[in-house]
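Here is the structure we will look at, set down as structure tokens.
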Amino acid sequence: MASTGTLPTKRLGGEGFAHTAYFQCSMHGIIADAMLPTLLERLVGVCGNVSFDGGQNFAENEIVYWPAVATPFGPARNEDMVVRLKTDLLNDVGVNMRDRKWRLCQYGPPEPPRPGQPLANYRSIFDIEVDGDAFAFVELLGYTRTFEFIRKGFRFAFNGMFVLIYRIFQVPVPHDIASATPLDSLDSVWIVEAVTRPMKQETIPKRSEDLFTLASYLTGLVDLQVMDHNVLSNKIKYTQQ
């Protein structure tokens with residue numbers, strides 16, 4: 001990734017990161033393990049994915065970073081946001097983690113609901129590919145690794161949207177996916193996430209309608225919901241002020 005100018009230390013998207021503002025809509029739900037085969041069968045029919053063989057086709061490693069030096073206590077501290085590195089573990093199998101293709105991501109604050117205008121959850125998204133050593137680049141931006149996890153499961157595409165069905169695995173040893181262990185609290189359920197592709201702000205109402213339509217196709221199997229926007233907050237909650 002070629003970038004010039006002053007590197008931001010708290011939030012991405014400033015000078016040196018010229019880009020168009022994009023947004024992403026989402027809805028979430030959970031299903032019991034026993035319901036998984038039925039949901040997969042429904043999604044094959046809805047999405048027309050006749051080539052689906054029943055095997056897992058989604059595995060993503062995500063590393064979450066906080067500012068290495070917290071902003072001093074005050075209003076400006078509210079601007080401190082996490083950044084993320086993501087990589088598709090199903091591509092470049094066997095490649096050293098530092099040499100993999102990584103994407104640098106940051107989500108904006110989730111927007112609160114608007115009275116009289118039912119919308120899915122939505123927020124701005126900054127997502128670019130990083131060339132070279134992504135770990136060193138994020139540290140150069142002023143961030144330090146906080147935690148790391150893997151999402152593994154299934155992915156279906158439908159009308160410019162994705163349905164992700166996954167479980168979360170924590171990675172206690174930095175960049176060592178062999179150390180991943182499942183979260184005990186999620187060992188009997190699957191998270192279901194329906195998300196749109198990144199889009200322009202003016203298309204949010206239409207894409208929200210599309211998500212609600214998709215959710216209706218899965219009624220009886222999974223209850224996709226609009227989450228409390230505070231649950232999806234990307235703001236850092238420091239334990240010490």
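Ordered as shown in the structure tokens, chains take letters A, B, and onward, while each chain numbers its residues from 1 and ligands are numbered from 1 in the order shown.
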
Using only C-alpha atoms, determine which residues lie at most 12 Å from Asn57 of chain A, disregarding the query and same-chain residues fewer than 5 positions distant; provide the list as number ranges by chain.
A: 51-52, 88-91, 151-157, 163-166

With a distance cut-off of 6 Å and only C-alpha atoms, select the neighbouring residues of Val171 of chain A, excluding the residue or stretch itself and same-chain residues fewer than 6 positions from it, and output the selection as a count of residues only.
4

Exercise: segment 223-231 of chain A partners within 10 Å, only C-alpha atoms, chain neighbours under 5 positions left out, as a PyMOL selection string
chain A and resi 25-31+109-113+118-123+192-194+211-212+214-216+218

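Neighbours of Lys200 of chain A closer than or equal to 9 Å, with only C-alpha atoms counted and sequence neighbours fewer than 6 positions away skipped, come out as Thr20, Ala21, Tyr22, Phe23 and Gln24 of chain A.
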
> Which residues in segment 7-236 of chain A does DSSP call strand (DSSP E)? List them as a ChimeraX atom specification.
Replying inline: /A:22-32,58-67,83-88,102-107,121-130,143-158,161-170,181-182,189-196

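Distances here use only C-alpha atoms; by that measure, the residue among A:Tyr217, A:Phe73, A:Trp190, A:Phe169 closest to Phe147 of chain A is A:Phe169.
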
request  = Would you please work out which residue, of A:Asn78, A:Thr38, A:Asn61, A:Ser124, is nearest to Gly220 of chain A when using only C-alpha atoms?
outcome  =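 For Gly220 of chain A, the nearest of the given residues is A:Thr38.
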
The distance between atom CA of Asp131 of chain A and atom CA of Lys101 of chain A is 7.6 Å

- Task: Please provide as an MDAnalysis selection string all residues within 8 Å of Leu104 of chain A, with the sequence filter that same-chain residues fewer than 2 positions apart are discarded (counting only C-alpha atoms).
- Result: chainID A and resid 83:86 102 106 126:130

Could you please take those selected residues and save C-alpha atoms as a compact mmCIF listing (two decimals), in the first residue's frame?
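File part-v5.txt, as written:
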# COMPACT_ATOMS: atom_id res chain seq x y z
CA VAL A 83 -7.76 -1.06 13.99
CA ARG A 84 -7.73 -4.59 12.65
CA LEU A 85 -5.65 -6.74 10.37
CA LYS A 86 -7.52 -9.50 8.57
CA TRP A 102 -3.47 -8.70 4.99
CA GLN A 106 -11.34 0.14 10.79
CA PHE A 126 -12.24 1.62 5.96
CA ASP A 127 -10.70 -1.45 4.33
CA ILE A 128 -7.52 -1.56 2.22
CA GLU A 129 -4.92 -4.15 1.31
CA VAL A 130 -1.46 -3.75 2.80

* Asked: If you measure from atom CA of Glu209 of chain A to atom CA of Phe158 of chain A, what distance in Å do you get, rounded to one decimal?
  ->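 Calculated distance between atom CA of Glu209 of chain A and atom CA of Phe158 of chain A is 13.7 Å.
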
Closest of A:Ser233, A:Phe135, A:Asp184, A:Asn159 to Arg207 of chain A, counting only C-alpha atoms, is A:Asn159

Practice item. Would you please work out which residue, of A:Thr213, A:Asn96, A:Ser188, A:Asn234, is nearest to Asp176 of chain A when using only C-alpha atoms? Key: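 Nearest candidate to Asp176 of chain A out of A:Thr213, A:Asn96, A:Ser188, A:Asn234: A:Asn96.
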